[in-house]
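A.B. asks: Sharing target_8.cif here; it has mmCIF, N, CA and C atoms and all ligand atoms.
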```cif
data_run
loop_
_atom_site.label_atom_id
_atom_site.label_comp_id
_atom_site.auth_asym_id
_atom_site.auth_seq_id
_atom_site.Cartn_x
_atom_site.Cartn_y
_atom_site.Cartn_z
N MET S 1 57.97 -10.92 39.39
CA MET S 1 58.53 -10.86 38.04
C MET S 1 57.78 -9.81 37.24
N ASN S 2 58.43 -9.32 36.21
CA ASN S 2 57.73 -8.39 35.33
C ASN S 2 57.05 -9.18 34.19
N ARG S 3 56.37 -8.45 33.29
CA ARG S 3 55.59 -9.11 32.25
C ARG S 3 56.43 -10.06 31.38
N PRO S 4 57.57 -9.60 30.83
CA PRO S 4 58.39 -10.54 30.03
C PRO S 4 58.86 -11.74 30.85
N GLY S 5 59.16 -11.52 32.12
CA GLY S 5 59.59 -12.64 32.97
C GLY S 5 58.49 -13.67 33.13
N HIS S 6 57.26 -13.20 33.37
CA HIS S 6 56.13 -14.14 33.51
C HIS S 6 55.89 -14.90 32.21
N ILE S 7 55.93 -14.18 31.09
CA ILE S 7 55.71 -14.84 29.80
C ILE S 7 56.83 -15.84 29.52
N GLY S 8 58.05 -15.44 29.84
CA GLY S 8 59.19 -16.35 29.64
C GLY S 8 59.05 -17.63 30.45
N LEU S 9 58.64 -17.49 31.68
CA LEU S 9 58.50 -18.67 32.55
C LEU S 9 57.38 -19.58 32.05
N ALA S 10 56.27 -18.97 31.62
CA ALA S 10 55.17 -19.77 31.08
C ALA S 10 55.61 -20.47 29.79
N LEU S 11 56.35 -19.76 28.94
CA LEU S 11 56.86 -20.39 27.71
C LEU S 11 57.79 -21.55 28.04
N LEU S 12 58.64 -21.32 29.04
CA LEU S 12 59.61 -22.35 29.43
C LEU S 12 58.91 -23.64 29.85
N PHE S 13 57.89 -23.51 30.70
CA PHE S 13 57.26 -24.71 31.25
C PHE S 13 56.08 -25.24 30.43
N LEU S 14 55.45 -24.39 29.61
CA LEU S 14 54.28 -24.87 28.85
C LEU S 14 54.62 -25.29 27.42
N SER S 15 55.74 -24.81 26.88
CA SER S 15 56.11 -25.18 25.51
C SER S 15 56.21 -26.70 25.30
N PRO S 16 56.70 -27.46 26.29
CA PRO S 16 56.73 -28.92 26.08
C PRO S 16 55.34 -29.52 25.80
N PHE S 17 54.26 -28.80 26.15
CA PHE S 17 52.91 -29.30 25.91
C PHE S 17 52.46 -29.09 24.47
N ILE S 18 53.24 -28.34 23.67
CA ILE S 18 52.82 -28.02 22.30
C ILE S 18 52.57 -29.29 21.49
N THR S 19 53.43 -30.27 21.64
CA THR S 19 53.29 -31.50 20.85
C THR S 19 52.00 -32.25 21.21
N LYS S 20 51.53 -32.09 22.43
CA LYS S 20 50.35 -32.82 22.89
C LYS S 20 49.05 -32.00 22.75
N PHE S 21 49.11 -30.69 23.02
CA PHE S 21 47.88 -29.90 23.11
C PHE S 21 47.78 -28.76 22.09
N GLU S 22 48.56 -28.78 21.03
CA GLU S 22 48.48 -27.79 19.95
C GLU S 22 49.07 -26.43 20.35
N LEU S 23 49.71 -25.84 19.36
CA LEU S 23 50.40 -24.57 19.54
C LEU S 23 49.47 -23.46 20.03
N ASN S 24 48.31 -23.31 19.39
CA ASN S 24 47.41 -22.20 19.76
C ASN S 24 46.92 -22.30 21.21
N ASN S 25 46.62 -23.51 21.67
CA ASN S 25 46.19 -23.68 23.05
C ASN S 25 47.28 -23.25 24.02
N VAL S 26 48.50 -23.66 23.73
CA VAL S 26 49.62 -23.30 24.60
C VAL S 26 49.82 -21.78 24.58
N LEU S 27 49.69 -21.16 23.42
CA LEU S 27 49.91 -19.71 23.34
C LEU S 27 48.81 -18.93 24.07
N ILE S 28 47.58 -19.41 24.00
CA ILE S 28 46.50 -18.75 24.76
C ILE S 28 46.81 -18.84 26.26
N ALA S 29 47.23 -20.04 26.69
CA ALA S 29 47.56 -20.22 28.11
C ALA S 29 48.74 -19.33 28.51
N VAL S 30 49.75 -19.26 27.65
CA VAL S 30 50.92 -18.42 27.96
C VAL S 30 50.48 -16.95 28.06
N ALA S 31 49.63 -16.51 27.15
CA ALA S 31 49.18 -15.11 27.18
C ALA S 31 48.43 -14.81 28.48
N LEU S 32 47.68 -15.81 28.99
CA LEU S 32 46.89 -15.59 30.20
C LEU S 32 47.73 -15.68 31.48
N THR S 33 49.01 -16.00 31.34
CA THR S 33 49.87 -16.03 32.53
C THR S 33 49.98 -14.64 33.15
N VAL S 34 49.77 -13.61 32.37
CA VAL S 34 49.87 -12.26 32.94
C VAL S 34 48.55 -11.79 33.56
N SER S 35 47.49 -12.60 33.44
CA SER S 35 46.17 -12.17 33.93
C SER S 35 46.15 -11.79 35.42
N PRO S 36 46.92 -12.44 36.31
CA PRO S 36 46.86 -12.00 37.72
C PRO S 36 47.27 -10.54 37.91
N ASP S 37 48.10 -10.02 37.03
CA ASP S 37 48.53 -8.63 37.19
C ASP S 37 47.50 -7.63 36.70
N ILE S 38 46.30 -8.11 36.39
CA ILE S 38 45.20 -7.19 36.05
C ILE S 38 44.86 -6.31 37.26
N ASP S 39 45.26 -6.77 38.45
CA ASP S 39 45.00 -5.95 39.65
C ASP S 39 45.71 -4.59 39.56
N LEU S 40 46.83 -4.55 38.85
CA LEU S 40 47.55 -3.29 38.67
C LEU S 40 46.72 -2.34 37.79
N LEU S 41 46.10 -2.91 36.75
CA LEU S 41 45.26 -2.10 35.87
C LEU S 41 44.00 -1.62 36.58
N LEU S 42 43.41 -2.53 37.36
CA LEU S 42 42.16 -2.23 38.06
C LEU S 42 42.38 -1.36 39.29
N ARG S 43 43.66 -1.19 39.65
CA ARG S 43 44.03 -0.40 40.83
C ARG S 43 43.37 -0.93 42.11
N ILE S 44 43.33 -2.28 42.20
CA ILE S 44 42.91 -2.90 43.46
C ILE S 44 44.18 -3.40 44.14
N GLU S 45 44.07 -3.84 45.37
CA GLU S 45 45.26 -4.21 46.13
C GLU S 45 46.09 -5.25 45.38
N HIS S 46 47.37 -4.92 45.15
CA HIS S 46 48.22 -5.79 44.35
C HIS S 46 48.49 -7.11 45.08
N ARG S 47 48.34 -8.19 44.34
CA ARG S 47 48.62 -9.56 44.80
C ARG S 47 47.66 -10.04 45.89
N LYS S 48 46.48 -9.44 45.99
CA LYS S 48 45.52 -9.94 46.98
C LYS S 48 44.45 -10.82 46.33
N TYR S 49 43.64 -10.24 45.44
CA TYR S 49 42.50 -10.98 44.89
C TYR S 49 42.85 -11.82 43.66
N THR S 50 43.95 -11.52 43.00
CA THR S 50 44.25 -12.18 41.72
C THR S 50 45.48 -13.08 41.78
N HIS S 51 46.17 -13.11 42.91
CA HIS S 51 47.37 -13.94 43.02
C HIS S 51 47.11 -15.08 43.98
N ASN S 52 46.16 -15.93 43.62
CA ASN S 52 45.85 -17.06 44.49
C ASN S 52 45.20 -18.18 43.67
N ILE S 53 45.11 -19.33 44.31
CA ILE S 53 44.60 -20.54 43.65
C ILE S 53 43.14 -20.36 43.21
N THR S 54 42.38 -19.58 43.95
CA THR S 54 40.97 -19.34 43.61
C THR S 54 40.86 -18.60 42.28
N PHE S 55 41.70 -17.59 42.08
CA PHE S 55 41.69 -16.84 40.83
C PHE S 55 42.07 -17.76 39.67
N ALA S 56 43.07 -18.62 39.89
CA ALA S 56 43.51 -19.55 38.83
C ALA S 56 42.36 -20.48 38.43
N ILE S 57 41.65 -21.00 39.42
CA ILE S 57 40.53 -21.90 39.14
C ILE S 57 39.41 -21.14 38.42
N LEU S 58 39.11 -19.94 38.91
CA LEU S 58 38.03 -19.13 38.33
C LEU S 58 38.30 -18.80 36.85
N ILE S 59 39.51 -18.37 36.54
CA ILE S 59 39.83 -18.04 35.14
C ILE S 59 39.78 -19.31 34.28
N SER S 60 40.25 -20.42 34.82
CA SER S 60 40.20 -21.69 34.08
C SER S 60 38.76 -22.08 33.77
N ILE S 61 37.87 -21.90 34.73
CA ILE S 61 36.45 -22.22 34.52
C ILE S 61 35.86 -21.30 33.46
N ILE S 62 36.19 -20.01 33.52
CA ILE S 62 35.68 -19.05 32.52
C ILE S 62 36.16 -19.44 31.12
N VAL S 63 37.44 -19.80 31.01
CA VAL S 63 37.98 -20.23 29.71
C VAL S 63 37.23 -21.47 29.23
N PHE S 64 36.97 -22.41 30.15
CA PHE S 64 36.25 -23.63 29.77
C PHE S 64 34.83 -23.31 29.31
N MET S 65 34.17 -22.39 30.01
CA MET S 65 32.78 -22.03 29.65
C MET S 65 32.71 -21.44 28.25
N PHE S 66 33.72 -20.65 27.88
CA PHE S 66 33.69 -20.00 26.57
C PHE S 66 34.23 -20.89 25.45
N LEU S 67 35.28 -21.65 25.72
CA LEU S 67 35.94 -22.39 24.64
C LEU S 67 35.71 -23.90 24.69
N LYS S 68 35.09 -24.39 25.75
CA LYS S 68 34.73 -25.82 25.87
C LYS S 68 35.91 -26.75 25.56
N ASN S 69 37.06 -26.39 26.10
CA ASN S 69 38.26 -27.19 25.85
C ASN S 69 38.92 -27.46 27.21
N PHE S 70 38.75 -28.69 27.69
CA PHE S 70 39.26 -29.03 29.02
C PHE S 70 40.77 -28.83 29.11
N TRP S 71 41.51 -29.30 28.10
CA TRP S 71 42.97 -29.24 28.18
C TRP S 71 43.48 -27.82 28.11
N LEU S 72 42.78 -26.98 27.34
CA LEU S 72 43.15 -25.56 27.32
C LEU S 72 42.94 -24.94 28.70
N SER S 73 41.80 -25.21 29.32
CA SER S 73 41.56 -24.62 30.64
C SER S 73 42.54 -25.17 31.67
N PHE S 74 42.97 -26.42 31.50
CA PHE S 74 44.00 -26.99 32.38
C PHE S 74 45.33 -26.24 32.19
N LEU S 75 45.69 -25.97 30.93
CA LEU S 75 46.93 -25.22 30.66
C LEU S 75 46.85 -23.81 31.22
N VAL S 76 45.67 -23.19 31.13
CA VAL S 76 45.48 -21.85 31.70
C VAL S 76 45.69 -21.90 33.21
N PHE S 77 45.13 -22.93 33.85
CA PHE S 77 45.32 -23.09 35.29
C PHE S 77 46.82 -23.18 35.62
N LEU S 78 47.54 -24.03 34.88
CA LEU S 78 48.98 -24.17 35.11
C LEU S 78 49.71 -22.85 34.89
N SER S 79 49.31 -22.15 33.86
CA SER S 79 49.96 -20.89 33.50
C SER S 79 49.81 -19.85 34.61
N ILE S 80 48.62 -19.76 35.17
CA ILE S 80 48.40 -18.81 36.27
C ILE S 80 49.12 -19.27 37.53
N LEU S 81 49.14 -20.59 37.74
CA LEU S 81 49.88 -21.14 38.87
C LEU S 81 51.38 -20.80 38.76
N ILE S 82 51.92 -20.87 37.55
CA ILE S 82 53.33 -20.51 37.31
C ILE S 82 53.56 -19.04 37.70
N HIS S 83 52.61 -18.19 37.34
CA HIS S 83 52.72 -16.77 37.71
C HIS S 83 52.77 -16.62 39.23
N ILE S 84 51.83 -17.28 39.90
CA ILE S 84 51.73 -17.14 41.36
C ILE S 84 52.99 -17.68 42.03
N LEU S 85 53.45 -18.86 41.59
CA LEU S 85 54.65 -19.47 42.20
C LEU S 85 55.88 -18.59 41.97
N SER S 86 55.98 -17.99 40.78
CA SER S 86 57.16 -17.16 40.52
C SER S 86 57.11 -15.86 41.33
N ASP S 87 55.91 -15.32 41.54
CA ASP S 87 55.81 -14.13 42.39
C ASP S 87 56.14 -14.46 43.85
N LEU S 88 55.92 -15.69 44.25
CA LEU S 88 56.27 -16.09 45.62
C LEU S 88 57.78 -16.03 45.86
N LEU S 89 58.56 -16.08 44.78
CA LEU S 89 60.02 -16.02 44.92
C LEU S 89 60.51 -14.61 45.23
N THR S 90 59.63 -13.61 45.04
CA THR S 90 60.05 -12.21 45.14
C THR S 90 59.80 -11.65 46.54
N ILE S 91 59.94 -10.34 46.67
CA ILE S 91 59.96 -9.71 48.00
C ILE S 91 58.57 -9.55 48.63
N GLN S 92 57.59 -9.09 47.83
CA GLN S 92 56.28 -8.74 48.40
C GLN S 92 55.47 -9.96 48.81
N LYS S 93 55.09 -10.00 50.09
CA LYS S 93 54.30 -11.13 50.60
C LYS S 93 52.87 -11.08 50.10
N PHE S 94 52.29 -12.26 49.87
CA PHE S 94 50.86 -12.34 49.56
C PHE S 94 50.35 -13.73 49.93
N ALA S 95 49.02 -13.89 49.89
CA ALA S 95 48.38 -15.13 50.34
C ALA S 95 47.95 -15.97 49.14
N PRO S 96 48.74 -16.98 48.73
CA PRO S 96 48.40 -17.76 47.54
C PRO S 96 47.17 -18.65 47.72
N LEU S 97 46.74 -18.86 48.96
CA LEU S 97 45.56 -19.70 49.20
C LEU S 97 44.32 -18.88 49.57
N TYR S 98 44.42 -17.56 49.39
CA TYR S 98 43.29 -16.67 49.67
C TYR S 98 42.06 -17.10 48.88
N PRO S 99 40.85 -17.11 49.38
CA PRO S 99 40.42 -16.66 50.72
C PRO S 99 40.42 -17.77 51.77
N PHE S 100 40.90 -18.96 51.41
CA PHE S 100 40.88 -20.09 52.37
C PHE S 100 41.89 -19.89 53.49
N SER S 101 43.01 -19.30 53.15
CA SER S 101 44.01 -18.96 54.16
C SER S 101 44.53 -17.57 53.84
N LYS S 102 44.62 -16.76 54.85
CA LYS S 102 45.12 -15.40 54.63
C LYS S 102 46.60 -15.30 54.99
N LYS S 103 47.22 -16.45 55.25
CA LYS S 103 48.65 -16.45 55.59
C LYS S 103 49.46 -16.04 54.37
N LYS S 104 50.33 -15.06 54.56
CA LYS S 104 51.11 -14.52 53.45
C LYS S 104 52.50 -15.12 53.42
N TYR S 105 52.99 -15.32 52.21
CA TYR S 105 54.32 -15.91 52.01
C TYR S 105 55.13 -15.07 51.03
N ALA S 106 56.45 -15.13 51.17
CA ALA S 106 57.37 -14.57 50.17
C ALA S 106 58.74 -15.17 50.47
N LEU S 107 59.36 -15.73 49.46
CA LEU S 107 60.68 -16.32 49.68
C LEU S 107 61.79 -15.25 49.61
N LYS S 108 61.44 -14.07 49.09
CA LYS S 108 62.35 -12.92 49.09
C LYS S 108 63.70 -13.23 48.46
N LEU S 109 63.70 -13.99 47.36
CA LEU S 109 64.95 -14.34 46.70
C LEU S 109 65.47 -13.22 45.80
N PHE S 110 64.56 -12.44 45.22
CA PHE S 110 64.95 -11.32 44.36
C PHE S 110 63.77 -10.37 44.20
N LYS S 111 64.07 -9.16 43.72
CA LYS S 111 63.01 -8.19 43.45
C LYS S 111 62.29 -8.58 42.17
N SER S 112 61.00 -8.28 42.10
CA SER S 112 60.22 -8.69 40.92
C SER S 112 60.71 -8.03 39.63
N ASN S 113 61.39 -6.89 39.76
CA ASN S 113 61.89 -6.21 38.56
C ASN S 113 63.38 -6.47 38.32
N ASN S 114 63.90 -7.54 38.90
CA ASN S 114 65.32 -7.88 38.72
C ASN S 114 65.60 -8.15 37.23
N THR S 115 66.39 -7.28 36.64
CA THR S 115 66.63 -7.34 35.19
C THR S 115 67.32 -8.64 34.77
N ALA S 116 68.33 -9.05 35.51
CA ALA S 116 69.08 -10.26 35.14
C ALA S 116 68.18 -11.49 35.13
N ILE S 117 67.37 -11.64 36.17
CA ILE S 117 66.51 -12.83 36.26
C ILE S 117 65.41 -12.79 35.21
N ASN S 118 64.76 -11.64 35.07
CA ASN S 118 63.69 -11.54 34.06
C ASN S 118 64.23 -11.77 32.65
N THR S 119 65.41 -11.25 32.35
CA THR S 119 66.01 -11.45 31.03
C THR S 119 66.38 -12.91 30.82
N ALA S 120 66.99 -13.51 31.83
CA ALA S 120 67.37 -14.93 31.72
C ALA S 120 66.15 -15.80 31.48
N VAL S 121 65.08 -15.51 32.19
CA VAL S 121 63.86 -16.32 32.09
C VAL S 121 63.21 -16.17 30.72
N ILE S 122 63.15 -14.95 30.20
CA ILE S 122 62.52 -14.78 28.88
C ILE S 122 63.38 -15.46 27.81
N LEU S 123 64.70 -15.41 27.94
CA LEU S 123 65.55 -16.09 26.95
C LEU S 123 65.38 -17.61 27.02
N LEU S 124 65.29 -18.13 28.23
CA LEU S 124 65.05 -19.58 28.38
C LEU S 124 63.69 -19.97 27.82
N GLY S 125 62.70 -19.11 28.06
CA GLY S 125 61.35 -19.36 27.55
C GLY S 125 61.34 -19.37 26.02
N ILE S 126 62.04 -18.42 25.42
CA ILE S 126 62.10 -18.36 23.95
C ILE S 126 62.81 -19.62 23.42
N ALA S 127 63.87 -20.03 24.09
CA ALA S 127 64.60 -21.23 23.66
C ALA S 127 63.69 -22.46 23.74
N SER S 128 62.93 -22.57 24.83
CA SER S 128 62.02 -23.70 25.00
C SER S 128 60.94 -23.68 23.91
N PHE S 129 60.39 -22.48 23.65
CA PHE S 129 59.34 -22.34 22.62
C PHE S 129 59.90 -22.68 21.25
N ALA S 130 61.11 -22.20 20.94
CA ALA S 130 61.73 -22.47 19.64
C ALA S 130 61.94 -23.98 19.46
N TYR S 131 62.40 -24.63 20.52
CA TYR S 131 62.68 -26.06 20.45
C TYR S 131 61.41 -26.88 20.27
N PHE S 132 60.40 -26.62 21.09
CA PHE S 132 59.20 -27.47 21.07
C PHE S 132 58.21 -27.10 19.97
N SER S 133 58.22 -25.83 19.52
CA SER S 133 57.27 -25.43 18.47
C SER S 133 57.74 -25.88 17.10
N ASN S 134 59.07 -25.97 16.94
CA ASN S 134 59.63 -26.41 15.67
C ASN S 134 59.25 -25.46 14.52
N LEU S 135 59.03 -24.19 14.83
CA LEU S 135 58.67 -23.20 13.82
C LEU S 135 59.94 -22.69 13.13
N ASP S 136 59.78 -22.19 11.87
CA ASP S 136 60.96 -21.54 11.28
C ASP S 136 61.11 -20.15 11.90
N PHE S 137 62.24 -19.52 11.65
CA PHE S 137 62.61 -18.32 12.39
C PHE S 137 61.59 -17.19 12.23
N SER S 138 61.07 -16.98 11.00
CA SER S 138 60.15 -15.86 10.79
C SER S 138 58.81 -16.10 11.51
N GLU S 139 58.33 -17.35 11.47
CA GLU S 139 57.09 -17.67 12.18
C GLU S 139 57.29 -17.53 13.70
N LEU S 140 58.41 -18.01 14.16
CA LEU S 140 58.74 -17.93 15.58
C LEU S 140 58.72 -16.48 16.04
N PHE S 141 59.37 -15.62 15.26
CA PHE S 141 59.46 -14.20 15.61
C PHE S 141 58.07 -13.57 15.60
N ARG S 142 57.22 -13.96 14.64
CA ARG S 142 55.86 -13.41 14.54
C ARG S 142 55.04 -13.76 15.80
N TYR S 143 55.12 -15.00 16.24
CA TYR S 143 54.39 -15.40 17.46
C TYR S 143 54.93 -14.67 18.68
N LEU S 144 56.24 -14.60 18.79
CA LEU S 144 56.83 -13.99 19.97
C LEU S 144 56.54 -12.49 20.03
N ALA S 145 56.50 -11.84 18.86
CA ALA S 145 56.20 -10.40 18.82
C ALA S 145 54.80 -10.12 19.34
N LYS S 146 53.86 -11.06 19.11
CA LYS S 146 52.50 -10.89 19.62
C LYS S 146 52.46 -11.05 21.14
N LEU S 147 53.28 -11.95 21.66
CA LEU S 147 53.24 -12.27 23.08
C LEU S 147 53.96 -11.26 23.95
N ILE S 148 55.14 -10.83 23.49
CA ILE S 148 56.02 -10.06 24.38
C ILE S 148 55.95 -8.57 24.17
ZN ZN L 1 51.99 -10.89 39.65
#
```
In structure tokens, what does this structure look like?
C.D. replies:
Amino acid sequence: MNRPGHIGLALLFLSPFITKFELNNVLIAVALTVSPDIDLLLRIEHRKYTHNITFAILISIIVFMFLKNFWLSFLVFLSILIHILSDLLTIQKFAPLYPFSKKKYALKLFKSNNTAINTAVILLGIASFAYFSNLDFSELFRYLAKLI
């Protein structure tokens, strides 16, 4: 998936947690859903070191060390897991259990830059966020403009 697709999917699945774990915690977790794609910025092998359960746990621990909020670090873990699971639906194989297992998987259902799917997912994510955040339209737009 591309960046808006990942954010949309995280919004879709994490927005229901807003009522329980506060809006800001959910938004931090949603923003960190794109963290596995830092490999593109760092120019290291794509989907090798950052697209696995170990990376999700590591980032969650780092978030916990800095912010001392267990539920936030749990949401960050879920958010990164959502990224990894959604990338598994695409063409490029990778090892989600690296370094414990180097077996690579890909369901090859669509290309990661599929416009229809990424657009549908971001729209669903925005709908989920609008519903669960209960923000008025201008506030909603302000938050979404920061994220997307
Ligand atoms: Zn990715």
A.B. asks: Could you jot down the atom C of Asn25 (chain S) to CA of Gly125 (chain S) separation for me, Å, one decimal place?
C.D. replies: 15.0 Å
A.B. asks: Within 10 Å of region 69-78 of chain S, counting only C-alpha atoms, which residues show up once you throw out same-chain ones fewer than 6 positions away? Write them as an NGL selection string, please.
C.D. replies: :S and (10 or 13-14 or 17 or 20-22 or 24-33 or 35 or 53 or 55-63 or 84)
A.B. asks: Using only C-alpha atoms and all ligand atoms, find each protein or nucleic acid residue lying at most 8 Å from ligand ZN 1 (chain L); present the set as a tab-separated table (two decimals) with N, CA and C atoms, keeping the file's coordinate frame.
C.D. replies:
```
chain	number	residue	atom	x	y	z
S	1	MET	N	57.97	-10.92	39.39
S	1	MET	CA	58.53	-10.86	38.04
S	1	MET	C	57.78	-9.81	37.24
S	2	ASN	N	58.43	-9.32	36.21
S	2	ASN	CA	57.73	-8.39	35.33
S	2	ASN	C	57.05	-9.18	34.19
S	34	VAL	N	49.77	-13.61	32.37
S	34	VAL	CA	49.87	-12.26	32.94
S	34	VAL	C	48.55	-11.79	33.56
S	36	PRO	N	46.92	-12.44	36.31
S	36	PRO	CA	46.86	-12.00	37.72
S	36	PRO	C	47.27	-10.54	37.91
S	37	ASP	N	48.10	-10.02	37.03
S	37	ASP	CA	48.53	-8.63	37.19
S	37	ASP	C	47.50	-7.63	36.70
S	46	HIS	N	47.37	-4.92	45.15
S	46	HIS	CA	48.22	-5.79	44.35
S	46	HIS	C	48.49	-7.11	45.08
S	47	ARG	N	48.34	-8.19	44.34
S	47	ARG	CA	48.62	-9.56	44.80
S	47	ARG	C	47.66	-10.04	45.89
S	51	HIS	N	46.17	-13.11	42.91
S	51	HIS	CA	47.37	-13.94	43.02
S	51	HIS	C	47.11	-15.08	43.98
S	83	HIS	N	52.61	-18.19	37.34
S	83	HIS	CA	52.72	-16.77	37.71
S	83	HIS	C	52.77	-16.62	39.23
S	84	ILE	N	51.83	-17.28	39.90
S	84	ILE	CA	51.73	-17.14	41.36
S	84	ILE	C	52.99	-17.68	42.03
S	87	ASP	N	55.91	-15.32	41.54
S	87	ASP	CA	55.81	-14.13	42.39
S	87	ASP	C	56.14	-14.46	43.85
```
A.B. asks: Where does DSSP see helix (DSSP H, G or I) in region 6-144 of chain S, if you list the residues as a PyMOL selection string?
C.D. replies: chain S and resi 6-21+23-42+53-67+70-88+115-133+137-144
A.B. asks: May I have the residues at most 7 Å from (62.2, -12.2, 36.3) in the file's coordinates, counting only C-alpha atoms, as a list in words?
C.D. replies: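 In the file's frame, the residues around the point are Met1, Asn2, Gly5, His6, Ser112, Asn113, Asn114, Thr115, Ile117, Asn118, Thr119 and Val121 of chain S.
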A.B. asks: Restricting the output to N, CA and C atoms, write the selected residues as a CSV table (one decimal), keeping the file's coordinate frame.
C.D. replies:
```csv
chain,number,residue,atom,x,y,z
S,1,MET,N,58.0,-10.9,39.4
S,1,MET,CA,58.5,-10.9,38.0
S,1,MET,C,57.8,-9.8,37.2
S,2,ASN,N,58.4,-9.3,36.2
S,2,ASN,CA,57.7,-8.4,35.3
S,2,ASN,C,57.0,-9.2,34.2
S,5,GLY,N,59.2,-11.5,32.1
S,5,GLY,CA,59.6,-12.6,33.0
S,5,GLY,C,58.5,-13.7,33.1
S,6,HIS,N,57.3,-13.2,33.4
S,6,HIS,CA,56.1,-14.1,33.5
S,6,HIS,C,55.9,-14.9,32.2
S,112,SER,N,61.0,-8.3,42.1
S,112,SER,CA,60.2,-8.7,40.9
S,112,SER,C,60.7,-8.0,39.6
S,113,ASN,N,61.4,-6.9,39.8
S,113,ASN,CA,61.9,-6.2,38.6
S,113,ASN,C,63.4,-6.5,38.3
S,114,ASN,N,63.9,-7.5,38.9
S,114,ASN,CA,65.3,-7.9,38.7
S,114,ASN,C,65.6,-8.2,37.2
S,115,THR,N,66.4,-7.3,36.6
S,115,THR,CA,66.6,-7.3,35.2
S,115,THR,C,67.3,-8.6,34.8
S,117,ILE,N,67.4,-11.6,36.2
S,117,ILE,CA,66.5,-12.8,36.3
S,117,ILE,C,65.4,-12.8,35.2
S,118,ASN,N,64.8,-11.6,35.1
S,118,ASN,CA,63.7,-11.5,34.1
S,118,ASN,C,64.2,-11.8,32.6
S,119,THR,N,65.4,-11.2,32.4
S,119,THR,CA,66.0,-11.4,31.0
S,119,THR,C,66.4,-12.9,30.8
S,121,VAL,N,65.1,-15.5,32.2
S,121,VAL,CA,63.9,-16.3,32.1
S,121,VAL,C,63.2,-16.2,30.7
```
A.B. asks: Of the candidates S:Leu42, S:Leu147, S:Leu89, S:Ala120, which one gets nearest to Tyr105 (chain S) if we count all atoms listed in the file?
C.D. replies: S:Leu89
A.B. asks: Give me, please, the distance in Å between atom N of Ala145 (chain S) and atom N of Leu124 (chain S), quoted to one decimal.
C.D. replies: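 Separating atom N of Ala145 (chain S) from atom N of Leu124 (chain S) is a distance of 14.3 Å.
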A.B. asks: Please write as a list in words the list of polymer residues whose atoms come within 6.5 Å of (60.7, -26.1, 27.6), counting only N, CA and C atoms and keeping to the coordinates of the file.
C.D. replies: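 The residues near that point, listed by chain and number, are Leu11, Leu12, Phe13, Leu14, Ser15, Pro16, Ala127, Ser128 and Phe129 of chain S.
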A.B. asks: Find the distance between atom N of Ser138 (chain S) and atom C of Ile7 (chain S) and write it in Å to one decimal.
C.D. replies: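 These two atoms are separated by 19.0 Å.
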A.B. asks: Using only C-alpha atoms, pick whichever of S:Ala106, S:Leu85, S:Ile38, S:Leu9 has the shortest atom-to-atom distance to Ile126 (chain S).
C.D. replies: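 Of S:Ala106, S:Leu85, S:Ile38, S:Leu9, the one nearest Ile126 (chain S), counting only C-alpha atoms, is S:Leu9.
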A.B. asks: Just checking: using all atoms listed in the file, which residue out of S:Lys108, S:Lys146, S:Arg3, S:Arg43 ends up closest to Leu88 (chain S)?
C.D. replies: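 Counting all atoms listed in the file, the residue closest to Leu88 (chain S) is S:Lys108.
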A.B. asks: Give the answer as one residue: which of S:Phe66, S:Pro96, S:Leu109, S:Ile18 has the shortest atom-to-atom distance to Thr50 (chain S), using all atoms listed in the file?
C.D. replies: S:Pro96
